[in-house]
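> I am sharing protein_25.txt, which consists of compact mmCIF, N, CA and C atoms:
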```
# COMPACT_ATOMS: atom_id res chain seq x y z
N MET X 126 172.38 37.69 50.75
CA MET X 126 173.42 38.64 50.42
C MET X 126 174.35 38.81 51.61
N LEU X 127 175.62 38.99 51.29
CA LEU X 127 176.65 39.10 52.31
C LEU X 127 176.64 40.49 52.92
N ASN X 128 176.58 40.55 54.24
CA ASN X 128 176.64 41.81 54.96
C ASN X 128 178.03 41.94 55.55
N LEU X 129 178.93 42.59 54.81
CA LEU X 129 180.33 42.68 55.19
C LEU X 129 180.62 44.05 55.80
N ASP X 130 181.11 44.06 57.04
CA ASP X 130 181.44 45.31 57.73
C ASP X 130 182.85 45.74 57.34
N LEU X 131 182.93 46.68 56.41
CA LEU X 131 184.22 47.13 55.89
C LEU X 131 185.00 47.99 56.88
N THR X 132 184.39 48.35 58.01
CA THR X 132 185.10 49.15 59.01
C THR X 132 185.97 48.28 59.92
N THR X 133 185.79 46.96 59.86
CA THR X 133 186.62 46.06 60.66
C THR X 133 187.82 45.59 59.83
N GLU X 134 188.88 45.19 60.51
CA GLU X 134 190.07 44.68 59.81
C GLU X 134 189.70 43.45 59.00
N PHE X 135 188.92 42.54 59.59
CA PHE X 135 188.53 41.32 58.90
C PHE X 135 187.68 41.64 57.67
N GLY X 136 186.69 42.48 57.82
CA GLY X 136 185.82 42.84 56.69
C GLY X 136 186.60 43.49 55.56
N ALA X 137 187.52 44.38 55.90
CA ALA X 137 188.35 45.03 54.88
C ALA X 137 189.25 44.02 54.18
N ARG X 138 189.77 43.06 54.94
CA ARG X 138 190.63 42.02 54.35
C ARG X 138 189.84 41.12 53.41
N VAL X 139 188.62 40.76 53.80
CA VAL X 139 187.75 39.95 52.92
C VAL X 139 187.49 40.71 51.62
N ALA X 140 187.11 41.98 51.73
CA ALA X 140 186.81 42.79 50.54
C ALA X 140 188.04 42.91 49.64
N ARG X 141 189.22 43.12 50.24
CA ARG X 141 190.44 43.24 49.46
C ARG X 141 190.75 41.96 48.70
N ARG X 142 190.64 40.84 49.39
CA ARG X 142 190.96 39.56 48.74
C ARG X 142 189.94 39.23 47.65
N LEU X 143 188.67 39.56 47.88
CA LEU X 143 187.67 39.32 46.85
C LEU X 143 187.94 40.15 45.59
N SER X 144 188.47 41.33 45.77
CA SER X 144 188.72 42.17 44.60
C SER X 144 190.09 41.93 43.96
N GLU X 145 191.07 41.41 44.71
CA GLU X 145 192.43 41.29 44.20
C GLU X 145 192.88 39.88 43.85
N GLU X 146 192.39 38.88 44.55
CA GLU X 146 192.86 37.50 44.32
C GLU X 146 192.43 37.00 42.95
N ARG X 147 193.24 36.11 42.39
CA ARG X 147 192.90 35.50 41.10
C ARG X 147 192.26 34.13 41.25
N ILE X 148 192.58 33.43 42.33
CA ILE X 148 192.08 32.07 42.53
C ILE X 148 191.25 32.02 43.80
N ILE X 149 190.12 31.34 43.70
CA ILE X 149 189.30 31.05 44.87
C ILE X 149 188.88 29.58 44.74
N TRP X 150 188.69 28.92 45.86
CA TRP X 150 188.24 27.53 45.84
C TRP X 150 186.72 27.50 45.92
N LEU X 151 186.09 26.88 44.95
CA LEU X 151 184.64 26.67 44.94
C LEU X 151 184.40 25.24 45.38
N THR X 152 183.67 25.08 46.48
CA THR X 152 183.35 23.73 46.96
C THR X 152 181.87 23.48 46.77
N THR X 153 181.58 22.45 45.99
CA THR X 153 180.23 21.96 45.78
C THR X 153 180.12 20.61 46.46
N VAL X 154 178.94 20.00 46.42
CA VAL X 154 178.75 18.72 47.10
C VAL X 154 178.20 17.69 46.13
N ARG X 155 178.88 16.57 46.03
CA ARG X 155 178.44 15.46 45.17
C ARG X 155 177.17 14.82 45.73
N ALA X 156 176.50 14.05 44.92
CA ALA X 156 175.28 13.35 45.34
C ALA X 156 175.56 12.44 46.53
N SER X 157 176.77 11.91 46.63
CA SER X 157 177.14 11.03 47.75
C SER X 157 177.34 11.79 49.05
N GLY X 158 177.37 13.13 48.96
CA GLY X 158 177.63 13.96 50.13
C GLY X 158 179.08 14.38 50.25
N ALA X 159 179.93 13.87 49.37
CA ALA X 159 181.35 14.21 49.42
C ALA X 159 181.58 15.63 48.89
N PRO X 160 182.40 16.41 49.57
CA PRO X 160 182.72 17.75 49.07
C PRO X 160 183.59 17.65 47.82
N GLU X 161 183.42 18.61 46.93
CA GLU X 161 184.16 18.64 45.67
C GLU X 161 184.78 20.03 45.50
N PRO X 162 185.97 20.27 46.05
CA PRO X 162 186.61 21.58 45.90
C PRO X 162 187.29 21.71 44.54
N SER X 163 187.17 22.89 43.95
CA SER X 163 187.80 23.18 42.66
C SER X 163 188.38 24.58 42.69
N PRO X 164 189.66 24.74 42.33
CA PRO X 164 190.21 26.09 42.22
C PRO X 164 189.65 26.73 40.95
N VAL X 165 189.16 27.96 41.06
CA VAL X 165 188.53 28.62 39.91
C VAL X 165 188.96 30.08 39.84
N TRP X 166 188.87 30.64 38.64
CA TRP X 166 189.02 32.08 38.44
C TRP X 166 187.66 32.70 38.67
N PHE X 167 187.64 33.94 39.14
CA PHE X 167 186.37 34.57 39.47
C PHE X 167 186.47 36.08 39.32
N LEU X 168 185.33 36.70 39.16
CA LEU X 168 185.24 38.15 39.12
C LEU X 168 184.22 38.58 40.16
N TRP X 169 184.65 39.39 41.10
CA TRP X 169 183.80 39.87 42.19
C TRP X 169 183.20 41.21 41.77
N ASP X 170 181.88 41.35 41.91
CA ASP X 170 181.21 42.60 41.53
C ASP X 170 180.73 43.40 42.74
N GLY X 171 181.14 42.99 43.93
CA GLY X 171 180.71 43.67 45.14
C GLY X 171 179.62 42.93 45.87
N ALA X 172 178.96 42.00 45.18
CA ALA X 172 177.89 41.21 45.80
C ALA X 172 177.93 39.74 45.40
N THR X 173 178.46 39.45 44.21
CA THR X 173 178.50 38.07 43.72
C THR X 173 179.84 37.78 43.07
N ALA X 174 180.16 36.50 43.00
CA ALA X 174 181.35 36.05 42.29
C ALA X 174 180.89 35.37 41.01
N LEU X 175 181.45 35.81 39.88
CA LEU X 175 181.14 35.21 38.59
C LEU X 175 182.27 34.28 38.21
N ILE X 176 181.92 33.04 37.93
CA ILE X 176 182.87 31.98 37.61
C ILE X 176 182.47 31.39 36.27
N TYR X 177 183.44 31.08 35.45
CA TYR X 177 183.14 30.42 34.18
C TYR X 177 183.64 28.99 34.23
N SER X 178 182.84 28.08 33.67
CA SER X 178 183.14 26.66 33.70
C SER X 178 183.02 26.05 32.31
N ARG X 179 183.76 25.00 32.10
CA ARG X 179 183.52 24.18 30.90
C ARG X 179 182.15 23.51 31.10
N PRO X 180 181.45 23.21 30.02
CA PRO X 180 180.17 22.49 30.17
C PRO X 180 180.40 21.07 30.69
N ASN X 181 179.35 20.49 31.21
CA ASN X 181 179.34 19.08 31.62
C ASN X 181 180.41 18.71 32.63
N THR X 182 180.63 19.58 33.61
CA THR X 182 181.61 19.28 34.66
C THR X 182 180.89 18.79 35.92
N GLN X 183 181.66 18.17 36.79
CA GLN X 183 181.10 17.70 38.06
C GLN X 183 180.54 18.85 38.88
N LYS X 184 181.24 19.99 38.90
CA LYS X 184 180.74 21.11 39.70
C LYS X 184 179.38 21.59 39.20
N LEU X 185 179.16 21.57 37.88
CA LEU X 185 177.86 21.98 37.35
C LEU X 185 176.77 20.97 37.69
N ARG X 186 177.10 19.70 37.64
CA ARG X 186 176.12 18.67 38.06
C ARG X 186 175.78 18.84 39.54
N ASN X 187 176.79 19.12 40.35
CA ASN X 187 176.56 19.31 41.78
C ASN X 187 175.67 20.53 42.03
N ILE X 188 175.95 21.64 41.35
CA ILE X 188 175.16 22.86 41.53
C ILE X 188 173.72 22.65 41.07
N ALA X 189 173.52 21.90 40.00
CA ALA X 189 172.16 21.62 39.52
C ALA X 189 171.35 20.86 40.57
N ARG X 190 172.04 20.02 41.34
CA ARG X 190 171.36 19.23 42.37
C ARG X 190 171.22 19.99 43.68
N SER X 191 172.23 20.79 44.04
CA SER X 191 172.21 21.55 45.29
C SER X 191 172.96 22.86 45.08
N ALA X 192 172.27 23.96 45.30
CA ALA X 192 172.85 25.28 45.10
C ALA X 192 173.79 25.69 46.22
N SER X 193 173.84 24.96 47.32
CA SER X 193 174.69 25.33 48.46
C SER X 193 176.16 25.09 48.12
N VAL X 194 176.96 26.14 48.26
CA VAL X 194 178.38 26.07 47.95
C VAL X 194 179.18 26.85 49.00
N ALA X 195 180.49 26.69 48.93
CA ALA X 195 181.41 27.51 49.73
C ALA X 195 182.50 28.02 48.82
N LEU X 196 182.99 29.20 49.13
CA LEU X 196 184.15 29.80 48.48
C LEU X 196 185.20 30.01 49.55
N SER X 197 186.45 29.69 49.25
CA SER X 197 187.51 29.92 50.23
C SER X 197 188.81 30.27 49.51
N PHE X 198 189.63 31.02 50.23
CA PHE X 198 190.94 31.40 49.72
C PHE X 198 191.99 30.51 50.37
N ASN X 199 193.14 30.39 49.72
CA ASN X 199 194.27 29.74 50.37
C ASN X 199 194.62 30.54 51.63
N SER X 200 195.05 29.84 52.65
CA SER X 200 195.50 30.51 53.87
C SER X 200 196.94 30.96 53.68
N SER X 201 197.45 31.68 54.67
CA SER X 201 198.88 32.02 54.67
C SER X 201 199.66 30.74 54.94
N PRO X 202 200.96 30.72 54.67
CA PRO X 202 201.75 29.50 54.92
C PRO X 202 201.67 29.01 56.37
N SER X 203 201.43 29.92 57.31
CA SER X 203 201.36 29.51 58.72
C SER X 203 199.94 29.16 59.16
N GLY X 204 198.98 29.19 58.24
CA GLY X 204 197.60 28.82 58.57
C GLY X 204 196.72 29.98 58.95
N GLY X 205 197.20 31.20 58.80
CA GLY X 205 196.38 32.38 59.08
C GLY X 205 195.68 32.88 57.82
N ASP X 206 195.04 34.02 57.95
CA ASP X 206 194.34 34.67 56.84
C ASP X 206 193.30 33.75 56.21
N VAL X 207 192.55 33.08 57.05
CA VAL X 207 191.52 32.15 56.60
C VAL X 207 190.23 32.90 56.32
N ILE X 208 189.66 32.66 55.13
CA ILE X 208 188.38 33.25 54.75
C ILE X 208 187.55 32.19 54.05
N VAL X 209 186.35 31.93 54.57
CA VAL X 209 185.42 30.97 53.98
C VAL X 209 184.07 31.65 53.87
N LEU X 210 183.53 31.66 52.66
CA LEU X 210 182.21 32.25 52.41
C LEU X 210 181.25 31.14 52.04
N ALA X 211 180.09 31.10 52.67
CA ALA X 211 179.04 30.15 52.31
C ALA X 211 177.99 30.89 51.51
N GLY X 212 177.36 30.20 50.58
CA GLY X 212 176.33 30.86 49.78
C GLY X 212 175.65 29.91 48.83
N THR X 213 175.09 30.49 47.78
CA THR X 213 174.37 29.71 46.78
C THR X 213 174.93 30.00 45.40
N ALA X 214 174.83 29.02 44.53
CA ALA X 214 175.32 29.15 43.17
C ALA X 214 174.21 28.81 42.18
N VAL X 215 174.19 29.54 41.09
CA VAL X 215 173.25 29.26 39.99
C VAL X 215 173.97 29.45 38.67
N VAL X 216 173.55 28.70 37.67
CA VAL X 216 174.02 28.96 36.31
C VAL X 216 173.34 30.25 35.87
N ASP X 217 174.14 31.19 35.39
CA ASP X 217 173.63 32.51 35.00
C ASP X 217 173.60 32.62 33.48
N ASP X 218 172.45 32.32 32.89
CA ASP X 218 172.30 32.37 31.44
C ASP X 218 172.31 33.79 30.90
N GLN X 219 172.19 34.79 31.77
CA GLN X 219 172.17 36.19 31.34
C GLN X 219 173.56 36.83 31.33
N ALA X 220 174.54 36.16 31.91
CA ALA X 220 175.90 36.73 31.98
C ALA X 220 176.52 36.77 30.59
N LEU X 221 177.30 37.80 30.36
CA LEU X 221 178.06 37.88 29.12
C LEU X 221 179.07 36.75 29.06
N PRO X 222 179.43 36.29 27.87
CA PRO X 222 180.53 35.33 27.77
C PRO X 222 181.81 35.95 28.33
N ALA X 223 182.70 35.13 28.84
CA ALA X 223 183.91 35.61 29.50
C ALA X 223 184.70 36.56 28.61
N ASP X 224 184.81 36.27 27.33
CA ASP X 224 185.62 37.10 26.44
C ASP X 224 184.96 38.43 26.10
N GLN X 225 183.69 38.59 26.46
CA GLN X 225 182.98 39.85 26.21
C GLN X 225 182.85 40.70 27.47
N LEU X 226 183.40 40.22 28.57
CA LEU X 226 183.36 40.95 29.83
C LEU X 226 184.74 41.57 30.07
N ALA X 227 184.84 42.86 29.81
CA ALA X 227 186.14 43.55 29.81
C ALA X 227 186.89 43.37 31.13
N ALA X 228 186.20 43.46 32.25
CA ALA X 228 186.87 43.34 33.55
C ALA X 228 187.45 41.94 33.73
N TYR X 229 186.77 40.92 33.25
CA TYR X 229 187.27 39.54 33.34
C TYR X 229 188.49 39.36 32.46
N VAL X 230 188.41 39.84 31.23
CA VAL X 230 189.53 39.73 30.30
C VAL X 230 190.74 40.48 30.85
N ALA X 231 190.53 41.66 31.41
CA ALA X 231 191.64 42.44 31.97
C ALA X 231 192.29 41.68 33.14
N LYS X 232 191.48 41.08 33.99
CA LYS X 232 192.01 40.37 35.16
C LYS X 232 192.78 39.12 34.77
N TYR X 233 192.31 38.42 33.74
CA TYR X 233 192.88 37.11 33.40
C TYR X 233 193.60 37.06 32.06
N ALA X 234 193.91 38.19 31.45
CA ALA X 234 194.61 38.19 30.15
C ALA X 234 195.90 37.39 30.21
N GLY X 235 196.72 37.63 31.23
CA GLY X 235 197.98 36.89 31.37
C GLY X 235 197.77 35.40 31.58
N PRO X 236 196.96 35.01 32.56
CA PRO X 236 196.72 33.59 32.77
C PRO X 236 196.08 32.88 31.57
N ILE X 237 195.21 33.59 30.83
CA ILE X 237 194.62 32.98 29.63
C ILE X 237 195.71 32.71 28.61
N LYS X 238 196.61 33.67 28.44
CA LYS X 238 197.74 33.48 27.52
C LYS X 238 198.63 32.33 28.00
N ASP X 239 198.82 32.24 29.34
CA ASP X 239 199.67 31.19 29.91
C ASP X 239 199.15 29.78 29.62
N ILE X 240 197.85 29.64 29.41
CA ILE X 240 197.28 28.31 29.09
C ILE X 240 197.08 28.16 27.58
N ASN X 241 197.81 28.99 26.83
CA ASN X 241 197.80 28.94 25.36
C ASN X 241 196.42 29.13 24.75
N MET X 242 195.69 30.09 25.30
CA MET X 242 194.38 30.43 24.76
C MET X 242 194.33 31.92 24.49
N THR X 243 193.37 32.32 23.70
CA THR X 243 193.01 33.72 23.54
C THR X 243 191.74 33.93 24.36
N PRO X 244 191.36 35.16 24.65
CA PRO X 244 190.09 35.37 25.34
C PRO X 244 188.91 34.73 24.59
N GLU X 245 188.94 34.79 23.26
CA GLU X 245 187.84 34.21 22.47
C GLU X 245 187.79 32.69 22.64
N LEU X 246 188.95 32.03 22.57
CA LEU X 246 188.97 30.58 22.78
C LEU X 246 188.54 30.22 24.20
N PHE X 247 189.00 31.00 25.17
CA PHE X 247 188.61 30.77 26.55
C PHE X 247 187.09 30.89 26.70
N GLY X 248 186.52 31.95 26.11
CA GLY X 248 185.07 32.17 26.19
C GLY X 248 184.27 31.02 25.61
N LYS X 249 184.79 30.43 24.55
CA LYS X 249 184.10 29.28 23.93
C LYS X 249 184.25 28.02 24.78
N ALA X 250 185.46 27.81 25.32
CA ALA X 250 185.72 26.60 26.11
C ALA X 250 185.04 26.65 27.47
N TYR X 251 185.08 27.82 28.11
CA TYR X 251 184.48 28.00 29.44
C TYR X 251 183.19 28.79 29.25
N SER X 252 182.22 28.14 28.69
CA SER X 252 181.01 28.81 28.20
C SER X 252 179.86 28.87 29.18
N VAL X 253 180.01 28.27 30.34
CA VAL X 253 178.92 28.26 31.32
C VAL X 253 179.27 29.21 32.47
N ALA X 254 178.44 30.24 32.63
CA ALA X 254 178.65 31.21 33.71
C ALA X 254 177.93 30.73 34.96
N VAL X 255 178.63 30.78 36.07
CA VAL X 255 178.07 30.42 37.38
C VAL X 255 178.19 31.65 38.26
N ARG X 256 177.09 32.03 38.88
CA ARG X 256 177.10 33.18 39.79
C ARG X 256 176.88 32.69 41.21
N VAL X 257 177.84 33.02 42.08
CA VAL X 257 177.77 32.64 43.49
C VAL X 257 177.43 33.86 44.31
N THR X 258 176.41 33.74 45.13
CA THR X 258 176.00 34.81 46.04
C THR X 258 176.33 34.36 47.46
N PRO X 259 177.39 34.93 48.04
CA PRO X 259 177.72 34.59 49.42
C PRO X 259 176.68 35.15 50.39
N THR X 260 176.38 34.38 51.43
CA THR X 260 175.41 34.81 52.44
C THR X 260 176.05 34.93 53.83
N SER X 261 177.21 34.31 54.01
CA SER X 261 177.90 34.43 55.29
C SER X 261 179.39 34.25 55.08
N VAL X 262 180.16 34.76 56.04
CA VAL X 262 181.61 34.65 55.97
C VAL X 262 182.14 34.34 57.36
N ARG X 263 183.19 33.55 57.39
CA ARG X 263 183.88 33.28 58.66
C ARG X 263 185.36 33.18 58.37
N GLY X 264 186.13 33.30 59.40
CA GLY X 264 187.57 33.18 59.23
C GLY X 264 188.33 33.89 60.33
N HIS X 265 189.62 34.00 60.12
CA HIS X 265 190.49 34.68 61.08
C HIS X 265 191.74 35.15 60.37
```
Have the structure of the file written as structure tokens, please.


Amino acid sequence: MLNLDLTTEFGARVARRLSEERIIWLTTVRASGAPEPSPVWFLWDGATALIYSRPNTQKLRNIARSASVALSFNSSPSGGDVIVLAGTAVVDDQALPADQLAAYVAKYAGPIKDINMTPELFGKAYSVAVRVTPTSVRGH
């Protein structure tokens, strides 16, 4: 579990970005050892990031083989505001489908519409829930 000191500027910035950002990069590792970064939508609950995936994707195959992952945000245009979280990922069979999770639907209603889907269609297409538990953070 991530021990984030919210009294520091960095800790407060990490917490803000986890709660406000729409895109985070999930990096898994292929069997060959090559990193596989993927931009994903996520919902932060204060301890874990919930990500929904289409079935049978490379990221799911990578997670099945190795739970070690990283989450990172885009930096500022000048290369600042770097945040990288390391942790573990598991398929969460107990998570509600995306379209039944009110906070997820509220966060992504516009982007779901932008890709010509409804929350129900999105929930069916992105039917695999992945829960990432960060254990460490670094950045500047």

> Select, from X:Pro236, X:Gly248, X:Gly212, X:Pro222, the residue with the minimum atom-to-atom distance to Met126 in chain X, counting all atoms listed in the file.

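For Met126 in chain X, the nearest of the given residues is X:Gly212.
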
> One decimal, in Å: what's the spacing between atom N of Leu221 in chain X and atom C of Ala137 in chain X?

27.4 Å

> In terms of the shortest atom-to-atom distance over only C-alpha atoms, which of X:Thr258, X:Thr243, X:Ser178, X:Gln183 is closest to Val165 in chain X?

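Closest to Val165 in chain X of all the choices is X:Ser178.
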
> Can you pull out the residues contacting Val262 in chain X? Cut-off 7 Å, using all atoms listed in the file, and skip same-chain residues under 4 positions away; I want them as a PDB file with N, CA and C atoms, keeping the file's coordinate frame.


```pdb
ATOM      1  N   LEU X 127     175.620  38.990  51.290  1.00  0.00           N
ATOM      2  CA  LEU X 127     176.650  39.100  52.310  1.00  0.00           C
ATOM      3  C   LEU X 127     176.640  40.490  52.920  1.00  0.00           C
ATOM      4  N   ILE X 208     189.660  32.660  55.130  1.00  0.00           N
ATOM      5  CA  ILE X 208     188.380  33.250  54.750  1.00  0.00           C
ATOM      6  C   ILE X 208     187.550  32.190  54.050  1.00  0.00           C
ATOM      7  N   VAL X 209     186.350  31.930  54.570  1.00  0.00           N
ATOM      8  CA  VAL X 209     185.420  30.970  53.980  1.00  0.00           C
ATOM      9  C   VAL X 209     184.070  31.650  53.870  1.00  0.00           C
ATOM     10  N   LEU X 210     183.530  31.660  52.660  1.00  0.00           N
ATOM     11  CA  LEU X 210     182.210  32.250  52.410  1.00  0.00           C
ATOM     12  C   LEU X 210     181.250  31.140  52.040  1.00  0.00           C
ATOM     13  N   ALA X 211     180.090  31.100  52.670  1.00  0.00           N
ATOM     14  CA  ALA X 211     179.040  30.150  52.310  1.00  0.00           C
ATOM     15  C   ALA X 211     177.990  30.890  51.510  1.00  0.00           C
TER      16      ALA X 211
END
```

> Can you list, as a ChimeraX atom specification, every residue of range 174-239 of chain X that DSSP puts in strand (DSSP E or B)?

/X:174-178,193-197,208-216

> Kindly provide, as JSON, the centre and edge lengths (Å, one decimal) of an axis-aligned box around all atoms of range 230-239 of chain X given in the file, with 3 Å on each side.


```
{"center_x": 194.0, "center_y": 36.1, "center_z": 31.3, "size_x": 17.3, "size_y": 18.7, "size_z": 13.6}
```

> Measuring between all atoms listed in the file, which one of X:Ala140, X:Ala234, X:Ala254, X:Leu151 shows the shortest distance to Val194 in chain X?

X:Leu151
